[in-house]
>>> print(open('final36.txt').read())   # compact mmCIF, C-alpha atoms
# COMPACT_ATOMS: atom_id res chain seq x y z
CA MET Z 45 -8.27 24.86 -18.26
CA LYS Z 46 -11.21 23.06 -16.64
CA ARG Z 47 -10.25 21.11 -13.51
CA ALA Z 48 -10.01 17.45 -14.45
CA ALA Z 49 -10.62 15.92 -11.03
CA LEU Z 50 -13.88 14.01 -10.53
CA THR Z 51 -15.35 12.08 -7.65
CA ILE Z 52 -14.36 8.44 -7.58
CA ALA Z 53 -18.00 7.47 -8.05
CA ALA Z 54 -18.18 9.38 -11.31
CA PHE Z 55 -14.87 7.91 -12.34
CA LEU Z 56 -16.12 4.37 -11.95
CA ALA Z 57 -19.48 5.12 -13.54
CA ALA Z 58 -17.72 6.47 -16.61
CA GLY Z 59 -15.28 3.58 -16.66
CA LEU Z 60 -12.46 6.02 -17.40
CA PRO Z 61 -9.62 7.46 -15.28
CA ALA Z 62 -10.68 10.82 -13.87
CA GLY Z 63 -8.23 13.51 -14.84
CA CYS Z 64 -6.08 10.90 -16.58
CA GLY Z 65 -3.54 11.94 -19.13
CA SER Z 66 -0.13 13.52 -18.97
CA ASP Z 67 1.02 16.91 -20.19
CA ASP Z 68 4.45 15.36 -20.78
CA ASP Z 69 4.88 13.30 -23.94
CA SER Z 70 7.91 11.56 -22.48
CA ALA Z 71 7.59 8.35 -20.52
CA PRO Z 72 7.85 9.41 -16.87
CA GLY Z 73 9.11 6.82 -14.46
CA ASP Z 74 11.31 4.96 -16.92
CA ASP Z 75 13.82 4.47 -14.07
CA LEU Z 76 11.26 2.72 -11.86
CA PRO Z 77 11.50 -1.09 -11.64
CA GLN Z 78 9.40 -3.13 -14.06
CA GLY Z 79 8.32 -6.77 -14.00
CA ASP Z 80 11.08 -9.10 -12.87
CA GLU Z 81 14.00 -6.86 -13.82
CA ARG Z 82 16.74 -6.72 -11.23
CA VAL Z 83 17.82 -3.41 -9.72
CA GLU Z 84 21.03 -2.59 -7.91
CA LEU Z 85 20.17 -0.82 -4.67
CA ASP Z 86 22.72 0.67 -2.28
CA PRO Z 87 21.47 0.25 1.30
CA ALA Z 88 23.23 3.53 2.14
CA ASP Z 89 20.71 5.32 -0.09
CA PHE Z 90 17.75 4.20 2.05
CA ARG Z 91 16.30 5.12 5.41
CA ALA Z 92 13.48 3.77 7.53
CA ASP Z 93 12.05 7.26 8.11
CA VAL Z 94 9.33 7.59 5.47
CA ASP Z 95 7.96 11.10 4.90
CA ASN Z 96 6.72 10.90 1.31
CA ARG Z 97 3.85 13.41 0.97
CA TYR Z 98 1.40 10.77 -0.24
CA TRP Z 99 2.23 8.12 2.34
CA PRO Z 100 3.97 9.49 5.44
CA MET Z 101 4.76 6.69 7.91
CA ARG Z 102 5.58 8.56 11.08
CA PRO Z 103 5.91 6.00 13.91
CA GLY Z 104 2.80 5.98 16.06
CA THR Z 105 0.44 6.83 13.20
CA ARG Z 106 -2.55 4.51 13.00
CA TRP Z 107 -4.98 4.26 10.08
CA THR Z 108 -8.31 2.49 10.65
CA TYR Z 109 -10.38 1.27 7.71
CA ARG Z 110 -13.68 -0.49 7.22
CA GLU Z 111 -13.82 -3.00 4.45
CA ALA Z 112 -16.54 -4.92 2.69
CA ASP Z 113 -15.04 -7.85 0.83
CA ALA Z 114 -16.32 -9.51 -2.35
CA ASP Z 115 -18.87 -11.50 -0.33
CA GLY Z 116 -20.10 -8.44 1.53
CA THR Z 117 -18.41 -9.50 4.77
CA ALA Z 118 -17.65 -6.55 7.06
CA LEU Z 119 -14.02 -6.33 8.10
CA ARG Z 120 -11.93 -3.88 10.12
CA VAL Z 121 -8.39 -3.07 9.06
CA VAL Z 122 -5.91 -1.40 11.42
CA VAL Z 123 -2.54 -0.24 10.06
CA THR Z 124 0.13 1.05 12.44
CA ALA Z 125 3.49 2.59 11.58
CA THR Z 126 5.70 1.22 14.35
CA PRO Z 127 9.01 2.49 15.75
CA ILE Z 128 10.50 -0.93 14.96
CA THR Z 129 12.92 -1.37 12.06
CA LYS Z 130 14.20 -4.49 10.35
CA LYS Z 131 17.40 -5.09 8.38
CA LEU Z 132 16.42 -7.15 5.36
CA ALA Z 133 18.31 -9.73 3.33
CA ASN Z 134 19.25 -7.10 0.70
CA GLY Z 135 20.92 -4.96 3.39
CA VAL Z 136 18.25 -2.24 3.56
CA THR Z 137 16.87 -1.25 6.96
CA ALA Z 138 13.11 -0.76 6.69
CA ARG Z 139 10.19 0.54 8.74
CA VAL Z 140 7.90 -2.18 10.16
CA VAL Z 141 4.22 -1.43 9.53
CA ARG Z 142 1.57 -3.70 11.10
CA ASP Z 143 -1.59 -4.45 9.10
CA THR Z 144 -4.26 -6.39 10.98
CA VAL Z 145 -7.62 -7.48 9.55
CA THR Z 146 -10.38 -8.57 11.90
CA GLN Z 147 -13.90 -9.90 11.46
CA GLY Z 148 -15.73 -9.13 14.67
CA VAL Z 149 -13.24 -10.00 17.40
CA GLU Z 150 -11.35 -12.59 15.35
CA VAL Z 151 -8.10 -11.87 13.51
CA VAL Z 152 -8.41 -13.21 9.96
CA GLU Z 153 -5.19 -11.81 8.49
CA ASP Z 154 -2.12 -10.22 10.05
CA THR Z 155 0.96 -8.80 8.35
CA PHE Z 156 4.28 -7.09 9.02
CA ASP Z 157 5.03 -4.91 5.98
CA TRP Z 158 8.50 -3.47 5.41
CA TYR Z 159 9.01 -0.05 3.77
CA ALA Z 160 12.04 2.14 3.22
CA GLN Z 161 12.50 5.51 1.52
CA ARG Z 162 15.25 6.22 -0.95
CA ASP Z 163 17.13 9.51 -0.83
CA ASP Z 164 15.12 10.77 -3.81
CA GLY Z 165 11.87 10.41 -1.83
CA THR Z 166 10.59 7.21 -3.47
CA VAL Z 167 8.99 4.76 -1.04
CA TRP Z 168 10.08 1.18 -1.70
CA TYR Z 169 8.24 -1.93 -0.59
CA MET Z 170 10.74 -4.45 0.75
CA GLY Z 171 8.53 -7.39 1.64
CA GLU Z 172 6.02 -8.77 4.10
CA ASP Z 173 5.55 -11.46 6.69
CA THR Z 174 1.89 -12.39 6.45
CA ALA Z 175 -0.48 -14.99 7.83
CA GLU Z 176 -4.15 -15.86 7.41
CA PHE Z 177 -6.09 -17.25 10.35
CA GLU Z 178 -9.17 -19.29 11.02
CA GLY Z 179 -10.19 -19.93 14.61
CA SER Z 180 -6.85 -18.46 15.78
CA LYS Z 181 -4.93 -21.05 13.75
CA VAL Z 182 -2.70 -20.15 10.81
CA THR Z 183 -4.18 -21.45 7.56
CA SER Z 184 -1.78 -19.84 5.08
CA ARG Z 185 1.52 -17.95 4.88
CA GLU Z 186 1.15 -17.48 1.14
CA GLY Z 187 2.39 -14.12 -0.12
CA SER Z 188 5.22 -13.72 2.39
CA TRP Z 189 8.51 -12.57 0.86
CA GLU Z 190 11.65 -10.61 1.67
CA ALA Z 191 13.73 -8.55 -0.73
CA GLY Z 192 17.03 -10.27 -1.39
CA LYS Z 193 15.87 -13.72 -0.29
CA ASP Z 194 15.01 -16.61 -2.64
CA GLY Z 195 14.99 -14.32 -5.67
CA ALA Z 196 12.43 -11.86 -4.26
CA LEU Z 197 12.78 -8.31 -5.59
CA PRO Z 198 11.67 -5.03 -3.99
CA GLY Z 199 9.27 -2.66 -5.70
CA VAL Z 200 7.85 0.84 -5.42
CA ALA Z 201 4.98 1.70 -3.06
CA MET Z 202 4.86 5.40 -4.01
CA PRO Z 203 7.06 7.38 -6.41
CA ALA Z 204 8.80 10.48 -5.06
CA GLU Z 205 6.88 12.77 -7.44
CA PRO Z 206 3.89 10.88 -8.87
CA ARG Z 207 2.90 11.82 -12.41
CA ASP Z 208 0.22 10.55 -14.74
CA ASP Z 209 1.11 7.35 -16.59
CA MET Z 210 3.97 6.27 -14.31
CA ARG Z 211 4.20 2.47 -14.23
CA TYR Z 212 6.22 0.41 -11.80
CA ARG Z 213 6.64 -2.93 -10.10
CA GLN Z 214 5.32 -2.99 -6.54
CA GLU Z 215 6.73 -6.39 -5.60
CA TYR Z 216 8.13 -9.50 -7.22
CA TYR Z 217 8.38 -12.98 -5.78
CA ARG Z 218 7.78 -15.38 -8.62
CA GLY Z 219 4.41 -17.09 -8.42
CA GLU Z 220 3.62 -15.55 -5.02
CA ALA Z 221 3.71 -11.75 -5.27
CA GLU Z 222 3.88 -9.99 -8.65
CA ASP Z 223 1.91 -6.76 -8.18
CA ASN Z 224 2.26 -3.77 -10.51
CA GLY Z 225 1.07 -0.17 -10.15
CA GLU Z 226 0.25 2.72 -12.43
CA ILE Z 227 -0.47 6.38 -11.64
CA LEU Z 228 -3.70 7.42 -13.35
CA SER Z 229 -4.07 10.91 -11.91
CA THR Z 230 -2.74 13.25 -9.22
CA ARG Z 231 -5.71 15.61 -9.16
CA GLU Z 232 -8.55 13.60 -7.61
CA GLN Z 233 -11.15 14.45 -5.00
CA VAL Z 234 -12.40 11.69 -2.72
CA GLN Z 235 -14.97 11.49 0.07
CA VAL Z 236 -14.68 8.82 2.75
CA ALA Z 237 -15.85 8.48 6.33
CA ALA Z 238 -12.69 10.20 7.59
CA GLY Z 239 -13.29 13.30 5.47
CA HIS Z 240 -13.02 14.96 2.07
CA TYR Z 241 -9.62 15.09 0.39
CA ARG Z 242 -8.34 16.99 -2.63
CA ASP Z 243 -5.36 16.50 -4.93
CA ALA Z 244 -5.30 12.78 -4.21
CA VAL Z 245 -3.22 10.35 -6.26
CA LEU Z 246 -5.24 7.68 -8.07
CA THR Z 247 -3.50 4.40 -8.90
CA THR Z 248 -4.49 1.09 -10.40
CA ASP Z 249 -2.98 -2.15 -9.10
CA THR Z 250 -2.84 -5.34 -11.16
CA THR Z 251 -1.07 -8.69 -11.08
CA PRO Z 252 -0.45 -11.28 -13.79
CA LEU Z 253 -1.20 -13.94 -11.17
CA GLU Z 254 -4.86 -12.81 -11.14
CA PRO Z 255 -5.44 -11.07 -14.48
CA ASP Z 256 -9.15 -10.47 -13.78
CA VAL Z 257 -8.47 -8.52 -10.58
CA VAL Z 258 -8.11 -4.72 -10.69
CA GLU Z 259 -7.86 -2.41 -7.68
CA TYR Z 260 -8.09 1.37 -7.68
CA LYS Z 261 -6.48 3.20 -4.76
CA LEU Z 262 -6.51 6.83 -3.68
CA TYR Z 263 -3.77 8.43 -1.59
CA ALA Z 264 -4.40 11.81 0.06
CA PRO Z 265 -1.59 14.32 0.70
CA GLY Z 266 -0.37 14.20 4.28
CA VAL Z 267 -2.56 11.16 5.03
CA GLY Z 268 -1.76 8.15 2.85
CA PRO Z 269 -4.20 5.54 1.51
CA VAL Z 270 -7.83 6.63 1.98
CA LEU Z 271 -9.84 4.43 -0.38
CA THR Z 272 -9.42 1.12 -2.22
CA LEU Z 273 -11.99 -0.12 -4.72
CA HIS Z 274 -12.02 -3.56 -6.30
CA ALA Z 275 -13.35 -2.70 -9.75
CA SER Z 276 -13.26 -6.21 -11.19
CA GLY Z 277 -12.69 -9.74 -10.06
CA GLY Z 278 -15.25 -9.22 -7.30
CA ALA Z 279 -16.70 -6.14 -5.65
CA GLY Z 280 -15.04 -4.70 -2.58
CA ARG Z 281 -14.38 -1.40 -0.84
CA GLU Z 282 -11.98 -0.31 1.89
CA GLU Z 283 -12.27 3.25 3.19
CA LEU Z 284 -10.47 5.23 5.86
CA ILE Z 285 -12.64 5.95 8.89
CA GLY Z 286 -9.98 7.54 11.06
CA ILE Z 287 -6.31 8.41 11.47
CA THR Z 288 -4.92 8.77 14.98
CA ARG Z 289 -1.72 8.86 17.00
CA VAL Z 290 -0.92 6.12 19.50
CA GLY Z 291 1.63 6.12 22.28
CA ASP Z 292 5.11 4.69 21.89
CA SER Z 293 4.34 1.58 23.93
CA ALA Z 294 1.27 0.75 21.80
CA ALA Z 295 3.16 1.43 18.57
CA ARG Z 296 6.06 -0.71 19.76
CA ALA Z 297 3.71 -3.54 20.71
CA ALA Z 298 2.21 -3.44 17.21
CA GLY Z 299 5.69 -3.99 15.82
CA THR Z 300 6.70 -6.81 18.15
CA ALA Z 301 3.57 -8.81 19.07
CA PRO Z 302 3.45 -12.13 17.17
CA LEU Z 303 1.19 -12.32 14.15
CA GLY Z 304 -2.35 -13.13 15.25
CA ALA Z 305 -1.78 -11.81 18.78
CA ARG Z 306 -3.73 -8.92 20.24
CA TYR Z 307 -1.93 -5.63 20.81
CA PRO Z 308 -3.08 -2.18 22.04
>>> encode(input="final36.txt", output="structure tokens")
Amino acid sequence: MKRAALTIAAFLAAGLPAGCGSDDDSAPGDDLPQGDERVELDPADFRADVDNRYWPMRPGTRWTYREADADGTALRVVVTATPITKKLANGVTARVVRDTVTQGVEVVEDTFDWYAQRDDGTVWYMGEDTAEFEGSKVTSREGSWEAGKDGALPGVAMPAEPRDDMRYRQEYYRGEAEDNGEILSTREQVQVAAGHYRDAVLTTDTTPLEPDVVEYKLYAPGVGPVLTLHASGGAGREELIGITRVGDSAARAAGTAPLGARYP
């Protein structure tokens, strides 16, 4: 059988999912959360140590991305898996991951994301504390939510064993965060500044809150997210330029420094 994987550029040019299509006629992922449906989660089934093949979050790992937003503005995105954990309102203890966006030397967005892995290997997204800044002042906290608080529901960041056509809720906080994901392929090749990766998972992210916005993301085995493309609702590209290890003190600072503050 001819290998189905294509470069992401060819995928977008064709307007079709590269390698898309499942060999299984069943509906994989039927047990994954959908829309606003409630799920009963036992905190004992979760751990903060995330080692999913497609998004390992070993504390001290730092991903650095360059991003061009819809206006062509150059941004730098630094994501750090910290050694800090947080017990959430739904009882689950999650890993704190810091996501900081800067334009030049100025922080424009800063976020604590919370992830936990279920015993089956599925990575769940448990919420975020996020802030947007202008001139070092907070201009918005929109999009912040915590699983188990004010009706907010957790979702899936990466299935344990991704397969074509899997669909799942990524997050749900009515009117604020209602993202959904779908696995298009698990056999992609992708070239970014950090290198060339094979057997990457290709997903599409959508939200009913912005029906014209579509994002395609690629996750490389043993690395995590390597490329995000905004295919509609405005052009944009975020690509991995490096993945490094930082010391415990720097990783801890990333997990404890207030949003908007500088950290090593």
>>> closest_residue(input="final36.txt", among="Z:Asn134, Z:Thr144, Z:Asn96, Z:Thr288", to="Gly195 in chain Z", atoms="all atoms listed in the file")
Z:Asn134
>>> closest_residue(input="final36.txt", among="Z:Ala297, Z:Leu246, Z:Val151, Z:Ala201", to="Leu119 in chain Z", atoms="all atoms listed in the file")
Z:Val151
>>> closest_residue(input="final36.txt", among="Z:Asp243, Z:Glu205, Z:Glu222, Z:Asp157", to="Met101 in chain Z", atoms="all atoms listed in the file")
Z:Asp157
>>> residues_around(input="final36.txt", residues="range 162-171 of chain Z", least_positions_apart="3", cutoff="8 Å", atoms="all atoms listed in the file", output="mmCIF file with C-alpha atoms, in the coordinates of the input")
data_model
loop_
_atom_site.group_PDB
_atom_site.id
_atom_site.type_symbol
_atom_site.label_atom_id
_atom_site.label_comp_id
_atom_site.auth_asym_id
_atom_site.auth_seq_id
_atom_site.Cartn_x
_atom_site.Cartn_y
_atom_site.Cartn_z
ATOM 1 C CA ASP Z 89 20.710 5.320 -0.090
ATOM 2 C CA PHE Z 90 17.750 4.200 2.050
ATOM 3 C CA ARG Z 91 16.300 5.120 5.410
ATOM 4 C CA VAL Z 94 9.330 7.590 5.470
ATOM 5 C CA ASP Z 95 7.960 11.100 4.900
ATOM 6 C CA ASN Z 96 6.720 10.900 1.310
ATOM 7 C CA LEU Z 132 16.420 -7.150 5.360
ATOM 8 C CA ALA Z 138 13.110 -0.760 6.690
ATOM 9 C CA ASP Z 157 5.030 -4.910 5.980
ATOM 10 C CA TRP Z 158 8.500 -3.470 5.410
ATOM 11 C CA TYR Z 159 9.010 -0.050 3.770
ATOM 12 C CA SER Z 188 5.220 -13.720 2.390
ATOM 13 C CA TRP Z 189 8.510 -12.570 0.860
ATOM 14 C CA GLU Z 190 11.650 -10.610 1.670
ATOM 15 C CA ALA Z 191 13.730 -8.550 -0.730
ATOM 16 C CA LEU Z 197 12.780 -8.310 -5.590
ATOM 17 C CA PRO Z 198 11.670 -5.030 -3.990
ATOM 18 C CA GLY Z 199 9.270 -2.660 -5.700
ATOM 19 C CA VAL Z 200 7.850 0.840 -5.420
ATOM 20 C CA ALA Z 201 4.980 1.700 -3.060
ATOM 21 C CA MET Z 202 4.860 5.400 -4.010
ATOM 22 C CA PRO Z 203 7.060 7.380 -6.410
ATOM 23 C CA ALA Z 204 8.800 10.480 -5.060
ATOM 24 C CA GLU Z 205 6.880 12.770 -7.440
ATOM 25 C CA GLN Z 214 5.320 -2.990 -6.540
ATOM 26 C CA GLU Z 215 6.730 -6.390 -5.600
#
>>> atom_distance(input="final36.txt", atom1="CA of His240 in chain Z", atom2="CA of Thr105 in chain Z")
19.3 Å
>>> closest_residue(input="final36.txt", among="Z:His274, Z:Arg106, Z:Arg207, Z:Arg213", to="Arg231 in chain Z", atoms="all atoms listed in the file")
Z:Arg207
>>> atom_distance(input="final36.txt", atom1="CA of Ser180 in chain Z", atom2="CA of Leu253 in chain Z")
27.9 Å
>>> atom_distance(input="final36.txt", atom1="CA of Glu178 in chain Z", atom2="CA of Val152 in chain Z")
6.2 Å
>>> residues_around(input="final36.txt", residues="Asp154 in chain Z", least_positions_apart="2", cutoff="7 Å", atoms="all atoms listed in the file", output="list in words")
Asp143, Thr144, Val145, Val152, Thr174, Ala175, Glu176, Leu303 and Gly304 of chain Z
>>> residues_around(input="final36.txt", residues="Lys131 in chain Z", least_positions_apart="4", cutoff="10 Å", atoms="all atoms listed in the file", output="list in words")
Pro87, Ala92, Gly135, Val136, Thr137, Ala138, Arg139 and Trp158 of chain Z
>>> closest_residue(input="final36.txt", among="Z:Pro100, Z:Tyr307, Z:Ala298, Z:Val234", to="Phe156 in chain Z", atoms="all atoms listed in the file")
Z:Ala298
>>> closest_residue(input="final36.txt", among="Z:Asp256, Z:Asp209, Z:Glu282, Z:Asp173", to="Val141 in chain Z", atoms="all atoms listed in the file")
Z:Asp173
>>> decode(input="final36.txt", residues="range 149-165 of chain Z", atoms="C-alpha atoms", output="PDB file, in the first residue's frame")
ATOM      1  CA  VAL Z 149      10.508  42.057  25.140  1.00  0.00           C
ATOM      2  CA  GLU Z 150       6.871  42.565  26.117  1.00  0.00           C
ATOM      3  CA  VAL Z 151       4.631  39.793  27.445  1.00  0.00           C
ATOM      4  CA  VAL Z 152       1.339  39.899  25.538  1.00  0.00           C
ATOM      5  CA  GLU Z 153      -0.249  36.701  26.878  1.00  0.00           C
ATOM      6  CA  ASP Z 154       0.625  34.400  29.765  1.00  0.00           C
ATOM      7  CA  THR Z 155      -1.067  31.190  30.855  1.00  0.00           C
ATOM      8  CA  PHE Z 156      -0.900  28.393  33.407  1.00  0.00           C
ATOM      9  CA  ASP Z 157      -2.345  25.279  31.725  1.00  0.00           C
ATOM     10  CA  TRP Z 158      -3.314  22.219  33.751  1.00  0.00           C
ATOM     11  CA  TYR Z 159      -2.945  18.684  32.355  1.00  0.00           C
ATOM     12  CA  ALA Z 160      -3.339  15.236  33.869  1.00  0.00           C
ATOM     13  CA  GLN Z 161      -3.019  11.743  32.413  1.00  0.00           C
ATOM     14  CA  ARG Z 162      -5.557   9.019  32.982  1.00  0.00           C
ATOM     15  CA  ASP Z 163      -4.428   5.471  33.699  1.00  0.00           C
ATOM     16  CA  ASP Z 164      -5.277   4.489  30.109  1.00  0.00           C
ATOM     17  CA  GLY Z 165      -2.736   7.018  28.773  1.00  0.00           C
TER      18      GLY Z 165
END
